[in-house]
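File shown: protein26.pdb. Contents: PDB, C-alpha atoms and all ligand atoms.
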```
MODEL        1
ATOM      1  CA  MET A 146      17.571  -2.994 -21.579
ATOM      2  CA  GLN A 147      16.033  -5.760 -19.510
ATOM      3  CA  VAL A 148      17.976  -7.005 -16.532
ATOM      4  CA  VAL A 149      17.080 -10.461 -15.334
ATOM      5  CA  SER A 150      19.113 -12.184 -12.680
ATOM      6  CA  ARG A 151      20.358 -15.571 -13.763
ATOM      7  CA  ALA A 152      18.794 -17.342 -10.819
ATOM      8  CA  THR A 153      15.397 -15.898 -11.603
ATOM      9  CA  ALA A 154      15.643 -16.587 -15.311
ATOM     10  CA  ASP A 155      16.600 -20.222 -14.855
ATOM     11  CA  ARG A 156      14.074 -21.013 -12.205
ATOM     12  CA  PRO A 157      10.556 -21.784 -13.385
ATOM     13  CA  THR A 158       7.964 -19.607 -11.734
ATOM     14  CA  ARG A 159       5.822 -21.194  -9.065
ATOM     15  CA  ARG A 160       2.814 -21.058 -11.351
ATOM     16  CA  ALA A 161       4.583 -22.791 -14.232
ATOM     17  CA  LYS A 162       6.022 -25.453 -11.947
ATOM     18  CA  ARG A 163       2.633 -26.264 -10.405
ATOM     19  CA  SER A 164       0.696 -26.352 -13.645
ATOM     20  CA  ARG A 165       2.889 -29.141 -14.999
ATOM     21  CA  CYS A 166       1.289 -31.630 -12.625
ATOM     22  CA  PRO A 167      -2.222 -32.500 -13.874
ATOM     23  CA  HIS A 168      -3.255 -33.625 -10.375
ATOM     24  CA  ASN A 169      -2.292 -30.292  -8.863
ATOM     25  CA  ALA A 170      -4.174 -28.410 -11.540
ATOM     26  CA  ARG A 171      -7.275 -30.531 -11.077
ATOM     27  CA  TYR A 172      -7.313 -30.284  -7.291
ATOM     28  CA  ARG A 173      -6.327 -26.642  -7.160
ATOM     29  CA  GLN A 174      -9.568 -25.716  -8.916
ATOM     30  CA  GLN A 175     -11.569 -27.282  -6.086
ATOM     31  CA  LEU A 176      -9.582 -25.903  -3.201
ATOM     32  CA  PRO A 177     -11.161 -23.617  -0.613
ATOM     33  CA  HIS A 178     -10.038 -20.066  -0.067
ATOM     34  CA  PRO A 179      -6.225 -19.674   0.317
ATOM     35  CA  SER A 180      -6.544 -18.511   3.927
ATOM     36  CA  THR A 181      -8.247 -21.786   4.818
ATOM     37  CA  ARG A 182      -5.599 -23.798   3.005
ATOM     38  CA  ARG A 183      -2.805 -21.990   4.800
ATOM     39  CA  SER A 184      -4.330 -22.467   8.211
ATOM     40  CA  VAL A 185      -5.404 -26.080   7.788
ATOM     41  CA  GLY A 186      -3.668 -27.802   4.877
ATOM     42  CA  PHE A 187      -4.642 -31.120   3.349
ATOM     43  CA  THR A 188      -6.368 -33.696   5.480
ATOM     44  CA  CYS A 189      -6.738 -37.458   5.643
ATOM     45  CA  GLU A 190      -9.287 -39.713   7.316
ATOM     46  CA  GLY A 191      -8.204 -42.458   9.659
ATOM     47  CA  SER A 192      -5.573 -42.855  12.321
ATOM     48  CA  LEU A 193      -2.043 -44.148  12.644
ATOM     49  CA  ILE A 194      -1.297 -47.170  14.778
ATOM     50  CA  GLU A 195       2.201 -48.183  15.846
ATOM     51  CA  ARG A 196       2.862 -51.858  15.152
ATOM     52  CA  TYR A 197       5.577 -54.291  16.184
ATOM     53  CA  THR A 198       5.717 -57.647  14.463
ATOM     54  CA  CYS A 199       7.170 -61.110  14.839
ATOM     55  CA  CYS A 200       8.501 -62.905  11.758
ATOM     56  CA  LYS A 201       7.849 -66.325  13.388
ATOM     57  CA  ASN A 202      11.466 -67.409  12.955
ATOM     58  CA  PRO A 203      12.280 -68.985  16.344
ATOM     59  CA  ASN A 204      15.955 -67.989  15.978
ATOM     60  CA  CYS A 205      15.194 -64.324  15.308
ATOM     61  CA  ARG A 206      15.447 -61.690  18.031
ATOM     62  CA  CYS A 207      11.719 -61.083  17.646
ATOM     63  CA  ALA A 208      11.026 -64.376  19.438
ATOM     64  CA  ASP A 209      11.463 -62.163  22.523
ATOM     65  CA  PRO A 210       8.298 -60.024  22.762
ATOM     66  CA  GLU A 211      10.481 -57.077  23.788
ATOM     67  CA  GLN A 212      12.595 -57.410  20.630
ATOM     68  CA  ARG A 213       9.947 -57.506  17.948
ATOM     69  CA  HIS A 214      10.439 -55.797  14.580
ATOM     70  CA  GLY A 215       9.286 -52.254  14.204
ATOM     71  CA  PRO A 216       7.890 -49.851  14.813
ATOM     72  CA  TYR A 217       5.796 -50.010  11.670
ATOM     73  CA  TRP A 218       2.998 -47.571  11.108
ATOM     74  CA  GLN A 219      -0.403 -48.653  10.005
ATOM     75  CA  LEU A 220      -3.120 -46.393   8.695
ATOM     76  CA  SER A 221      -6.601 -47.505   9.747
ATOM     77  CA  TRP A 222      -9.947 -46.153   8.734
ATOM     78  CA  LYS A 223     -13.562 -47.198   8.672
ATOM     79  CA  GLU A 224     -15.356 -47.829   5.428
ATOM     80  CA  ASN A 225     -18.926 -49.180   5.196
ATOM     81  CA  GLY A 226     -18.689 -50.261   8.828
ATOM     82  CA  LYS A 227     -15.461 -52.190   8.312
ATOM     83  CA  THR A 228     -12.022 -51.252   9.586
ATOM     84  CA  ILE A 229      -9.423 -51.173   6.838
ATOM     85  CA  SER A 230      -5.699 -51.023   7.585
ATOM     86  CA  ARG A 231      -2.645 -50.511   5.426
ATOM     87  CA  LEU A 232       1.004 -50.546   6.407
ATOM     88  CA  LEU A 233       2.808 -47.351   5.469
ATOM     89  CA  SER A 234       6.382 -46.830   4.437
ATOM     90  CA  ALA A 235       8.469 -44.829   6.882
ATOM     91  CA  GLU A 236       8.640 -42.100   4.258
ATOM     92  CA  ASP A 237       4.874 -41.836   3.882
ATOM     93  CA  THR A 238       4.108 -42.077   7.582
ATOM     94  CA  ALA A 239       5.240 -38.497   8.202
ATOM     95  CA  ILE A 240       3.018 -37.234   5.375
ATOM     96  CA  TYR A 241      -0.028 -39.094   6.654
ATOM     97  CA  GLN A 242       0.709 -37.935  10.180
ATOM     98  CA  GLU A 243       0.614 -34.325   9.038
ATOM     99  CA  TRP A 244      -2.647 -34.793   7.120
ATOM    100  CA  ILE A 245      -4.283 -36.574  10.059
ATOM    101  CA  THR A 246      -3.124 -33.887  12.487
ATOM    102  CA  ASN A 247      -4.594 -31.297  10.112
ATOM    103  CA  ARG A 248      -7.878 -33.179   9.983
ATOM    104  CA  ARG A 249      -8.114 -33.380  13.766
ATOM    105  CA  ARG A 250      -7.438 -29.654  14.064
ATOM    106  CA  LEU A 251     -10.086 -28.949  11.450
ATOM    107  CA  ASP A 252     -12.612 -31.268  13.147
ATOM    108  CA  ALA A 253     -11.934 -29.626  16.516
ATOM    109  CA  ALA A 254     -12.260 -26.120  15.047
ATOM    110  CA  LEU A 255     -15.490 -27.065  13.286
ATOM    111  CA  GLU A 256     -16.881 -28.596  16.460
ATOM    112  CA  GLN A 257     -15.968 -25.463  18.409
ATOM    113  CA  MET A 258     -17.588 -23.292  15.744
ATOM    114  CA  ARG A 259     -20.783 -25.357  15.885
ATOM    115  CA  ASP A 260     -20.974 -25.058  19.674
ATOM    116  CA  LEU A 261     -20.301 -21.346  19.528
ATOM    117  CA  SER A 262     -22.858 -20.858  16.766
ATOM    118  CA  ARG A 263     -25.461 -22.718  18.764
ATOM    119  CA  GLN A 264     -24.829 -20.573  21.841
ATOM    120  CA  ALA A 265     -24.809 -17.379  19.786
ATOM    121  CA  GLY A 266     -27.943 -18.435  17.919
ATOM    122  CA  GLU A 267     -29.784 -19.081  21.163
ATOM    123  CA  GLN A 268     -28.747 -15.692  22.569
ATOM    124  CA  ILE A 269     -29.499 -13.746  19.404
ATOM    125  CA  LEU A 270     -32.968 -15.207  19.085
ATOM    126  CA  ALA A 271     -33.644 -14.986  22.837
ATOM    127  CA  SER A 272     -32.845 -11.267  22.683
ATOM    128  CA  ARG A 273     -35.601 -11.010  20.064
ATOM    129  CA  GLY A 274     -37.974 -13.000  22.210
ATOM    130  CA  ARG A 275     -37.906 -16.066  20.021
ATOM    131  CA  PRO A 276     -36.737 -19.624  20.645
ATOM    132  CA  PHE A 277     -33.864 -21.202  18.757
ATOM    133  CA  HIS A 278     -34.874 -24.157  16.623
ATOM    134  CA  GLY A 279     -32.525 -26.987  15.856
ATOM    135  CA  PRO A 280     -31.238 -30.310  17.099
ATOM    136  CA  THR A 281     -29.703 -30.515  20.547
ATOM    137  CA  ARG A 282     -25.952 -30.718  20.174
ATOM    138  CA  PRO A 283     -24.126 -33.407  22.099
ATOM    139  CA  ARG A 284     -21.698 -31.706  24.472
ATOM    140  CA  GLN A 285     -19.175 -34.482  24.630
ATOM    141  CA  ARG A 286     -16.120 -34.307  22.397
ATOM    142  CA  ARG A 287     -15.145 -37.186  20.187
ATOM    143  CA  HIS A 288     -11.704 -38.582  20.888
ATOM    144  CA  SER A 289     -12.116 -41.756  18.879
ATOM    145  CA  ALA A 290      -9.395 -43.112  16.635
ATOM    146  CA  THR A 291     -11.258 -42.403  13.429
TER     147      THR A 291
HETATM  148 ZN    ZN B   1      12.015 -61.671  13.420
ENDMDL
END
```

Using structure tokens, write down the structure that the file contains.
Amino acid sequence: MQVVSRATADRPTRRAKRSRCPHNARYRQQLPHPSTRRSVGFTCEGSLIERYTCCKNPNCRCADPEQRHGPYWQLSWKENGKTISRLLSAEDTAIYQEWITNRRRLDAALEQMRDLSRQAGEQILASRGRPFHGPTRPRQRRHSAT
């Protein structure tokens, strides 16, 4: 006799639940190794900018610069040399914030790995009496808004 708890029987398995969404299925095929996904998560280009606005109604509280409407969050990114900005809903702002934080962590980790690899490469080849070939890496970190 098979014993299945009601909760388990009624709940779709994780696999079944995921496969229903065609986007998930499509992107899952292209995802990197699970350990990378767990440690980094999804990423997004651009940065969030806090905005306060004035509705131009002279009788509104926002006529006082200290009482403007907001905060609103704007996502900005560069595309073909131009800065593009879009206002985000409050609901989406948290999602974008997470993705952008993930991207910055990934960028920083990658940058660290490149520096470390360069140093290791130089040492490994020097120990064999050979020079390391490759471009000189800029030492300064990027802290730009992109
Ligand atoms: Zn106003």

Go through chain A and flag each residue having an atom no more than 6 Å from ligand ZN 1 (chain B); for those, report the closest pair of atoms plus their distance in Å to one decimal, using only C-alpha atoms and all ligand atoms, ordered by chain and rising number, as a Markdown table.
```
| residue | atom | partner | partner_atom | distance |
| --- | --- | --- | --- | --- |
| A:Cys199 | CA | B:ZN1 | ZN | 5.1 |
| A:Cys200 | CA | B:ZN1 | ZN | 4.1 |
| A:Asn202 | CA | B:ZN1 | ZN | 5.8 |
| A:Cys205 | CA | B:ZN1 | ZN | 4.6 |
| A:Arg206 | CA | B:ZN1 | ZN | 5.7 |
| A:Cys207 | CA | B:ZN1 | ZN | 4.3 |
```

Which residue of A:Asp209, A:Tyr241, A:Gly266, A:Glu236 approaches His278 of chain A most closely, using only C-alpha atoms:
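Going through A:Asp209, A:Tyr241, A:Gly266, A:Glu236 one by one, the smallest distance to His278 of chain A is for A:Gly266.
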
Counting all atoms listed in the file, the residue of A:Cys189, A:Leu233, A:Ile194, A:Ala170 that sits nearest Asp252 of chain A:
A:Cys189

So how many Å separate atom CA of Leu193 of chain A and atom CA of Trp218 of chain A, to one decimal?
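We find that atom CA of Leu193 of chain A and atom CA of Trp218 of chain A lie 6.3 Å from each other.
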
Could you tell me which residues the PyMOL selection byres (((chain A and resi 219) around 12) and not hetatm) grabs in this file, written as a VMD selection string?
chain A and resid 191 to 198 215 to 218 220 to 222 228 to 235 237 to 239 241 to 242

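Here atom CA of Lys223 of chain A is placed at a distance of 24.1 Å from atom CA of Arg259 of chain A.
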
In Å, with one decimal, what is the gap from atom CA of Gln268 of chain A to atom CA of Ala253 of chain A?
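Atom CA of Ala253 of chain A lies 22.7 Å from atom CA of Gln268 of chain A.
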